[in-house]
$ cat protein-v7.pdb   # PDB, C-alpha atoms
MODEL        1
ATOM      1  CA  GLU Y1095     -33.944  69.408-103.429
ATOM      2  CA  GLU Y1096     -34.121  72.006-106.201
ATOM      3  CA  TYR Y1097     -31.404  70.182-108.122
ATOM      4  CA  ILE Y1098     -33.187  66.854-107.599
ATOM      5  CA  ARG Y1099     -36.341  68.474-108.987
ATOM      6  CA  THR Y1100     -34.822  70.264-112.000
ATOM      7  CA  ALA Y1101     -31.559  68.392-112.800
ATOM      8  CA  LEU Y1102     -30.011  71.839-113.394
ATOM      9  CA  PRO Y1103     -27.015  73.212-111.448
ATOM     10  CA  ILE Y1104     -28.060  75.708-108.779
ATOM     11  CA  GLY Y1105     -26.465  79.153-108.491
ATOM     12  CA  SER Y1106     -26.380  81.621-105.616
ATOM     13  CA  SER Y1107     -28.836  84.002-107.305
ATOM     14  CA  GLN Y1108     -31.399  81.207-107.631
ATOM     15  CA  ILE Y1109     -31.084  80.415-103.941
ATOM     16  CA  GLU Y1110     -31.457  84.121-103.101
ATOM     17  CA  GLU Y1111     -34.610  84.332-105.270
ATOM     18  CA  MET Y1112     -36.190  81.421-103.370
ATOM     19  CA  GLY Y1113     -36.446  83.825-100.440
ATOM     20  CA  VAL Y1114     -35.717  81.203 -97.814
ATOM     21  CA  LEU Y1115     -32.416  82.681 -96.633
ATOM     22  CA  GLU Y1116     -32.242  86.294 -95.450
ATOM     23  CA  VAL Y1117     -28.702  86.831 -96.718
ATOM     24  CA  SER Y1118     -27.168  88.269 -99.882
ATOM     25  CA  ALA Y1119     -26.205  86.376-103.027
ATOM     26  CA  ALA Y1120     -22.549  87.149-102.197
ATOM     27  CA  THR Y1121     -22.861  85.439 -98.804
ATOM     28  CA  ILE Y1122     -24.574  82.452-100.420
ATOM     29  CA  ARG Y1123     -21.823  82.325-103.058
ATOM     30  CA  ASN Y1124     -19.178  82.188-100.305
ATOM     31  CA  GLU Y1125     -21.056  79.405 -98.512
ATOM     32  CA  LEU Y1126     -21.379  77.412-101.739
ATOM     33  CA  ARG Y1127     -17.631  77.784-102.311
ATOM     34  CA  ASP Y1128     -16.945  76.557 -98.763
ATOM     35  CA  LEU Y1129     -19.274  73.571 -99.257
ATOM     36  CA  GLU Y1130     -17.480  72.735-102.494
ATOM     37  CA  GLU Y1131     -14.092  72.863-100.754
ATOM     38  CA  LEU Y1132     -15.485  70.515 -98.075
ATOM     39  CA  GLY Y1133     -16.556  68.061-100.789
ATOM     40  CA  TYR Y1134     -20.342  68.397-100.474
ATOM     41  CA  LEU Y1135     -20.836  70.181-103.816
ATOM     42  CA  THR Y1136     -19.169  70.286-107.202
ATOM     43  CA  HIS Y1137     -19.799  72.212-110.408
ATOM     44  CA  PRO Y1138     -19.950  71.150-114.057
ATOM     45  CA  HIS Y1139     -17.281  72.823-116.171
ATOM     46  CA  THR Y1140     -19.842  74.658-118.307
ATOM     47  CA  SER Y1141     -21.838  76.129-115.427
ATOM     48  CA  ALA Y1142     -21.408  78.544-112.544
ATOM     49  CA  GLY Y1143     -24.060  76.601-110.644
ATOM     50  CA  ARG Y1144     -23.310  73.706-108.333
ATOM     51  CA  ILE Y1145     -24.607  70.184-107.846
ATOM     52  CA  PRO Y1146     -24.362  67.772-104.883
ATOM     53  CA  THR Y1147     -21.594  65.198-104.690
ATOM     54  CA  GLN Y1148     -22.012  61.713-103.238
ATOM     55  CA  LYS Y1149     -20.874  63.166 -99.887
ATOM     56  CA  GLY Y1150     -23.518  65.880-100.255
ATOM     57  CA  TYR Y1151     -26.293  63.373-100.870
ATOM     58  CA  GLU Y1152     -25.114  61.272 -97.924
ATOM     59  CA  TYR Y1153     -25.274  64.312 -95.610
ATOM     60  CA  TYR Y1154     -28.680  65.305 -96.986
ATOM     61  CA  LEU Y1155     -30.078  61.843 -96.407
ATOM     62  CA  GLU Y1156     -28.690  61.542 -92.886
ATOM     63  CA  HIS Y1157     -29.428  65.034 -91.572
ATOM     64  CA  LEU Y1158     -31.855  66.977 -93.773
ATOM     65  CA  ALA Y1159     -34.261  64.757 -95.712
ATOM     66  CA  GLU Y1160     -37.705  64.608 -94.136
ATOM     67  CA  LYS Y1161     -39.587  61.341 -93.793
ATOM     68  CA  THR Y1162     -42.742  61.172 -95.855
ATOM     69  CA  LEU Y1163     -45.525  58.801 -96.884
ATOM     70  CA  PRO Y1164     -46.644  57.912-100.417
ATOM     71  CA  HIS Y1165     -49.672  59.820-101.698
ATOM     72  CA  LYS Y1166     -52.975  58.192-100.722
ATOM     73  CA  SER Y1167     -53.709  57.199-104.336
ATOM     74  CA  ILE Y1168     -50.323  55.454-104.561
ATOM     75  CA  GLN Y1169     -50.954  53.616-101.304
ATOM     76  CA  GLU Y1170     -54.311  52.421-102.658
ATOM     77  CA  ALA Y1171     -52.766  51.279-105.965
ATOM     78  CA  LEU Y1172     -50.078  49.293-104.127
ATOM     79  CA  LEU Y1173     -52.678  47.732-101.819
ATOM     80  CA  ASN Y1174     -54.704  46.663-104.870
ATOM     81  CA  LEU Y1175     -51.662  45.059-106.485
ATOM     82  CA  HIS Y1176     -50.883  43.275-103.231
ATOM     83  CA  GLN Y1177     -54.429  41.946-102.897
ATOM     84  CA  ASN Y1178     -55.042  41.007-106.547
ATOM     85  CA  HIS Y1179     -51.868  39.051-107.315
ATOM     86  CA  GLU Y1180     -50.042  36.143-105.756
ATOM     87  CA  GLY Y1181     -46.455  35.017-105.295
ATOM     88  CA  GLU Y1182     -43.825  36.198-107.725
ATOM     89  CA  GLN Y1183     -46.399  37.835-110.008
ATOM     90  CA  LYS Y1184     -47.365  40.164-107.149
ATOM     91  CA  ILE Y1185     -43.769  41.349-106.844
ATOM     92  CA  LYS Y1186     -43.438  41.737-110.632
ATOM     93  CA  GLU Y1187     -46.583  43.894-110.834
ATOM     94  CA  MET Y1188     -45.356  46.041-107.945
ATOM     95  CA  ALA Y1189     -41.978  46.349-109.664
ATOM     96  CA  LYS Y1190     -43.608  47.730-112.821
ATOM     97  CA  TYR Y1191     -45.613  50.270-110.823
ATOM     98  CA  ILE Y1192     -42.726  51.382-108.604
ATOM     99  CA  ALA Y1193     -40.448  51.783-111.648
ATOM    100  CA  GLU Y1194     -42.973  54.135-113.242
ATOM    101  CA  ILE Y1195     -43.637  56.362-110.231
ATOM    102  CA  GLY Y1196     -40.079  56.164-108.899
ATOM    103  CA  ASN Y1197     -38.531  57.156-112.255
ATOM    104  CA  GLY Y1198     -36.082  54.285-112.246
ATOM    105  CA  ALA Y1199     -35.495  50.619-112.925
ATOM    106  CA  VAL Y1200     -36.513  47.899-110.485
ATOM    107  CA  ILE Y1201     -34.693  44.623-109.985
ATOM    108  CA  ALA Y1202     -36.670  41.872-108.260
ATOM    109  CA  ALA Y1203     -34.565  38.859-107.308
ATOM    110  CA  PHE Y1204     -36.385  35.780-106.077
ATOM    111  CA  ASP Y1205     -32.989  34.190-105.398
ATOM    112  CA  PRO Y1206     -29.486  34.976-106.742
ATOM    113  CA  HIS Y1207     -30.259  33.172-110.005
ATOM    114  CA  ARG Y1208     -33.859  34.154-110.754
ATOM    115  CA  ILE Y1209     -33.934  37.851-111.499
ATOM    116  CA  TYR Y1210     -36.624  40.034-113.057
ATOM    117  CA  TYR Y1211     -36.055  43.653-113.987
ATOM    118  CA  THR Y1212     -38.263  46.350-115.436
ATOM    119  CA  GLY Y1213     -38.334  50.121-115.945
ATOM    120  CA  ILE Y1214     -35.108  50.571-117.926
ATOM    121  CA  SER Y1215     -36.955  53.090-120.126
ATOM    122  CA  TYR Y1216     -37.967  55.156-117.069
ATOM    123  CA  LEU Y1217     -34.374  55.179-115.836
ATOM    124  CA  PHE Y1218     -32.974  56.121-119.235
ATOM    125  CA  SER Y1219     -35.525  58.908-119.706
ATOM    126  CA  GLN Y1220     -33.824  60.868-116.892
ATOM    127  CA  PRO Y1221     -31.728  63.878-117.989
ATOM    128  CA  GLU Y1222     -28.441  62.234-116.958
ATOM    129  CA  PHE Y1223     -28.842  59.751-119.812
ATOM    130  CA  GLN Y1224     -28.627  62.389-122.527
ATOM    131  CA  ASN Y1225     -24.929  61.483-122.295
ATOM    132  CA  ILE Y1226     -24.689  58.404-124.523
ATOM    133  CA  GLY Y1227     -21.486  57.143-122.902
ATOM    134  CA  TYR Y1228     -23.141  57.255-119.488
ATOM    135  CA  THR Y1229     -26.140  55.371-120.886
ATOM    136  CA  ILE Y1230     -23.980  52.621-122.393
ATOM    137  CA  ARG Y1231     -22.036  52.147-119.145
ATOM    138  CA  VAL Y1232     -25.185  51.903-117.033
ATOM    139  CA  SER Y1233     -27.021  49.640-119.494
ATOM    140  CA  SER Y1234     -24.112  47.184-119.384
ATOM    141  CA  LEU Y1235     -24.627  46.879-115.611
ATOM    142  CA  PHE Y1236     -28.068  45.391-116.221
ATOM    143  CA  ASP Y1237     -26.605  42.850-118.629
ATOM    144  CA  HIS Y1238     -24.514  41.604-115.702
ATOM    145  CA  CYS Y1239     -26.833  42.320-112.772
ATOM    146  CA  GLU Y1240     -26.791  38.689-111.611
ATOM    147  CA  GLU Y1241     -23.103  39.216-110.807
ATOM    148  CA  HIS Y1242     -24.011  41.993-108.356
ATOM    149  CA  ILE Y1243     -27.228  40.657-106.844
ATOM    150  CA  GLN Y1244     -25.539  38.414-104.272
ATOM    151  CA  GLU Y1245     -23.972  41.483-102.665
ATOM    152  CA  PHE Y1246     -27.433  43.005-102.257
ATOM    153  CA  PHE Y1247     -28.653  39.764-100.659
ATOM    154  CA  ASP Y1248     -25.668  39.832 -98.299
ATOM    155  CA  ARG Y1249     -26.067  43.478 -97.296
ATOM    156  CA  VAL Y1250     -29.862  43.848 -97.057
ATOM    157  CA  VAL Y1251     -31.143  41.916 -94.054
ATOM    158  CA  GLU Y1252     -34.824  41.136 -93.604
ATOM    159  CA  THR Y1253     -35.740  44.001 -91.272
ATOM    160  CA  ASP Y1254     -33.687  46.688 -93.005
ATOM    161  CA  MET Y1255     -34.050  49.087 -95.846
ATOM    162  CA  LYS Y1256     -30.722  50.053 -97.357
ATOM    163  CA  VAL Y1257     -29.840  53.085 -99.446
ATOM    164  CA  PHE Y1258     -26.703  52.716-101.579
ATOM    165  CA  ILE Y1259     -25.462  56.083-102.877
ATOM    166  CA  GLY Y1260     -22.985  56.204-105.755
ATOM    167  CA  GLU Y1261     -19.885  54.181-104.914
ATOM    168  CA  GLN Y1262     -21.796  52.293-102.191
ATOM    169  CA  ASN Y1263     -24.021  50.764-104.892
ATOM    170  CA  PRO Y1264     -23.128  47.181-105.892
ATOM    171  CA  MET Y1265     -24.586  47.998-109.334
ATOM    172  CA  GLY Y1266     -21.975  50.708-109.914
ATOM    173  CA  SER Y1267     -21.142  54.233-108.773
ATOM    174  CA  MET Y1268     -23.088  56.039-111.519
ATOM    175  CA  CYS Y1269     -26.439  55.313-109.847
ATOM    176  CA  SER Y1270     -27.974  55.013-106.404
ATOM    177  CA  ALA Y1271     -30.257  52.246-105.197
ATOM    178  CA  VAL Y1272     -32.874  51.718-102.500
ATOM    179  CA  ALA Y1273     -33.272  48.063-101.524
ATOM    180  CA  VAL Y1274     -35.577  46.032 -99.270
ATOM    181  CA  ARG Y1275     -36.395  42.400 -98.637
ATOM    182  CA  LEU Y1276     -39.932  41.279 -99.446
ATOM    183  CA  GLY Y1277     -40.013  37.961 -97.651
ATOM    184  CA  GLU Y1278     -37.260  35.865 -99.227
ATOM    185  CA  SER Y1279     -37.122  38.107-102.303
ATOM    186  CA  LEU Y1280     -35.036  41.202-102.878
ATOM    187  CA  PHE Y1281     -36.506  44.409-104.339
ATOM    188  CA  VAL Y1282     -34.134  47.124-105.605
ATOM    189  CA  LEU Y1283     -35.029  50.508-107.130
ATOM    190  CA  VAL Y1284     -32.133  51.899-109.203
ATOM    191  CA  CYS Y1285     -32.093  55.613-110.117
ATOM    192  CA  PRO Y1286     -29.568  58.294-110.962
ATOM    193  CA  MET Y1287     -27.754  59.600-107.889
ATOM    194  CA  ARG Y1288     -30.029  62.628-108.349
ATOM    195  CA  MET Y1289     -33.194  60.921-107.158
ATOM    196  CA  ASP Y1290     -36.028  61.921-104.864
ATOM    197  CA  TYR Y1291     -34.715  59.966-101.887
ATOM    198  CA  PRO Y1292     -37.573  60.709 -99.421
ATOM    199  CA  LYS Y1293     -40.223  59.723-101.984
ATOM    200  CA  ASN Y1294     -38.518  56.509-103.090
ATOM    201  CA  ILE Y1295     -37.630  55.440 -99.555
ATOM    202  CA  ALA Y1296     -41.280  55.964 -98.598
ATOM    203  CA  LEU Y1297     -42.434  53.834-101.556
ATOM    204  CA  LEU Y1298     -40.235  50.880-100.658
ATOM    205  CA  ASP Y1299     -40.954  51.232 -96.956
ATOM    206  CA  PHE Y1300     -44.680  51.049 -97.709
ATOM    207  CA  ILE Y1301     -44.464  47.890 -99.797
ATOM    208  CA  LYS Y1302     -42.090  46.284 -97.271
ATOM    209  CA  LYS Y1303     -44.808  46.665 -94.635
ATOM    210  CA  LEU Y1304     -47.334  44.904 -96.912
ATOM    211  CA  PHE Y1305     -45.190  41.770 -96.765
TER     212      PHE Y1305
ENDMDL
END
$ encode --input "protein-v7.pdb" --output "structure tokens"
Amino acid sequence: EEYIRTALPIGSSQIEEMGVLEVSAATIRNELRDLEELGYLTHPHTSAGRIPTQKGYEYYLEHLAEKTLPHKSIQEALLNLHQNHEGEQKIKEMAKYIAEIGNGAVIAAFDPHRIYYTGISYLFSQPEFQNIGYTIRVSSLFDHCEEHIQEFFDRVVETDMKVFIGEQNPMGSMCSAVAVRLGESLFVLVCPMRMDYPKNIALLDFIKKLF
């Protein structure tokens, strides 16, 4: 959660300073090394700190992440959008709002051939996109998103919310996605793999219930 918040690799001394664990930095360092060997963490070459891997995020989401609700003001804003717009425009307005507060891009597909997306600037403002090669690779995915949207339609059934982490993501392994059905339409929030999963899941769960 600290890495999700800061986008900076986390070292043993930082964890010790948080004061949550009553063990030494050396013990934490050993645990981090074990978690890296098990494939839950990795470390950038230029840093002694560690970051979660796809396997780490998957474990976090399944076992550690706490369910939450959107802030009351966000709930009210989404209710207003739902009440003040109709049809496809309602979904487009919600997409713009969710992209802004979810720090990502939103793809709204009304069928596999009619696709609206918004929030590319919010996605590309994330620290991961300081790497220009990464940015170019991800931006090209949006140029071809209609090629991937059918897989979302196939894998997200009406009652489900689906989280696609890294390589699970039909849009490509460099990002994660949270997807729901809104009636016949598909609504997908695309973020870096380092995203606030509880917050974004709560956002999409809330709008799903409005439909």
$ resolve_selection --input "protein-v7.pdb" --expression "the PyMOL selection byres ((chain Y and resi 1301) around 9)" --output "list in words"
Gln1169, Leu1172, Leu1173, His1176, Met1188, Leu1276, Ala1296, Leu1297, Leu1298, Asp1299, Phe1300, Lys1302, Lys1303, Leu1304 and Phe1305 of chain Y
$ write_last_selection --input "protein-v7.pdb" --atoms "C-alpha atoms" --output "PDB file, in the frame of the given file"
ATOM      1  CA  GLN Y1169     -50.954  53.616-101.304  1.00  0.00           C
ATOM      2  CA  LEU Y1172     -50.078  49.293-104.127  1.00  0.00           C
ATOM      3  CA  LEU Y1173     -52.678  47.732-101.819  1.00  0.00           C
ATOM      4  CA  HIS Y1176     -50.883  43.275-103.231  1.00  0.00           C
ATOM      5  CA  MET Y1188     -45.356  46.041-107.945  1.00  0.00           C
ATOM      6  CA  LEU Y1276     -39.932  41.279 -99.446  1.00  0.00           C
ATOM      7  CA  ALA Y1296     -41.280  55.964 -98.598  1.00  0.00           C
ATOM      8  CA  LEU Y1297     -42.434  53.834-101.556  1.00  0.00           C
ATOM      9  CA  LEU Y1298     -40.235  50.880-100.658  1.00  0.00           C
ATOM     10  CA  ASP Y1299     -40.954  51.232 -96.956  1.00  0.00           C
ATOM     11  CA  PHE Y1300     -44.680  51.049 -97.709  1.00  0.00           C
ATOM     12  CA  LYS Y1302     -42.090  46.284 -97.271  1.00  0.00           C
ATOM     13  CA  LYS Y1303     -44.808  46.665 -94.635  1.00  0.00           C
ATOM     14  CA  LEU Y1304     -47.334  44.904 -96.912  1.00  0.00           C
ATOM     15  CA  PHE Y1305     -45.190  41.770 -96.765  1.00  0.00           C
TER      16      PHE Y1305
END
$ closest_residue --input "protein-v7.pdb" --among "Y:Ile1195, Y:Ala1273, Y:Ile1168, Y:Val1282" --to "Y:Ile1209" --atoms "all atoms listed in the file"
Y:Val1282
$ resolve_selection --input "protein-v7.pdb" --expression "the PyMOL selection byres ((chain Y and resi 1229) around 12)" --output "NGL selection string"
:Y and (1214-1215 or 1217-1228 or 1230-1236 or 1268-1269 or 1286)
$ closest_atom_pairs --input "protein-v7.pdb" --of "stretch 1232-1295 of chain Y" --to "stretch 1160-1165 of chain Y" --cutoff "12 Å" --atoms "only C-alpha atoms" --output "JSON lines"
{"residue": "Y:Asp1290", "atom": "CA", "partner": "Y:Glu1160", "partner_atom": "CA", "distance": 11.2}
{"residue": "Y:Tyr1291", "atom": "CA", "partner": "Y:Glu1160", "partner_atom": "CA", "distance": 9.5}
{"residue": "Y:Pro1292", "atom": "CA", "partner": "Y:Lys1161", "partner_atom": "CA", "distance": 6.0}
{"residue": "Y:Lys1293", "atom": "CA", "partner": "Y:Thr1162", "partner_atom": "CA", "distance": 6.8}
{"residue": "Y:Asn1294", "atom": "CA", "partner": "Y:Pro1164", "partner_atom": "CA", "distance": 8.7}
{"residue": "Y:Ile1295", "atom": "CA", "partner": "Y:Lys1161", "partner_atom": "CA", "distance": 8.5}
$ atom_distance --input "protein-v7.pdb" --atom1 "atom CA of Y:Lys1184" --atom2 "atom CA of Y:Asp1205"
15.7 Å
$ resolve_selection --input "protein-v7.pdb" --expression "the PyMOL selection byres ((chain Y and resi 1128-1142) around 10)" --output "list in words"
Leu1102, Pro1103, Ile1104, Gly1105, Ser1106, Ile1122, Arg1123, Asn1124, Glu1125, Leu1126, Arg1127, Gly1143, Arg1144, Ile1145, Pro1146, Thr1147, Gln1148, Lys1149, Gly1150, Tyr1151, Glu1152, Tyr1153 and Tyr1154 of chain Y
$ closest_residue --input "protein-v7.pdb" --among "Y:His1207, Y:Gly1113, Y:Thr1212, Y:Gly1196" --to "Y:Ala1271" --atoms "only C-alpha atoms"
Y:Gly1196
$ atom_distance --input "protein-v7.pdb" --atom1 "atom CA of Y:Asp1237" --atom2 "atom CA of Y:Lys1256"
22.8 Å
$ closest_residue --input "protein-v7.pdb" --among "Y:Arg1099, Y:Arg1275, Y:His1157, Y:His1179" --to "Y:Met1289" --atoms "all atoms listed in the file"
Y:Arg1099
$ residues_around --input "protein-v7.pdb" --residues "Y:Arg1249" --least-positions-apart "4" --cutoff "12 Å" --atoms "all atoms listed in the file" --output "PyMOL selection string"
chain Y and resi 1242-1245+1253-1258+1262-1264+1272-1275+1280
$ closest_residue --input "protein-v7.pdb" --among "Y:Ile1109, Y:Lys1166, Y:Ser1279, Y:Met1287" --to "Y:Lys1186" --atoms "only C-alpha atoms"
Y:Ser1279
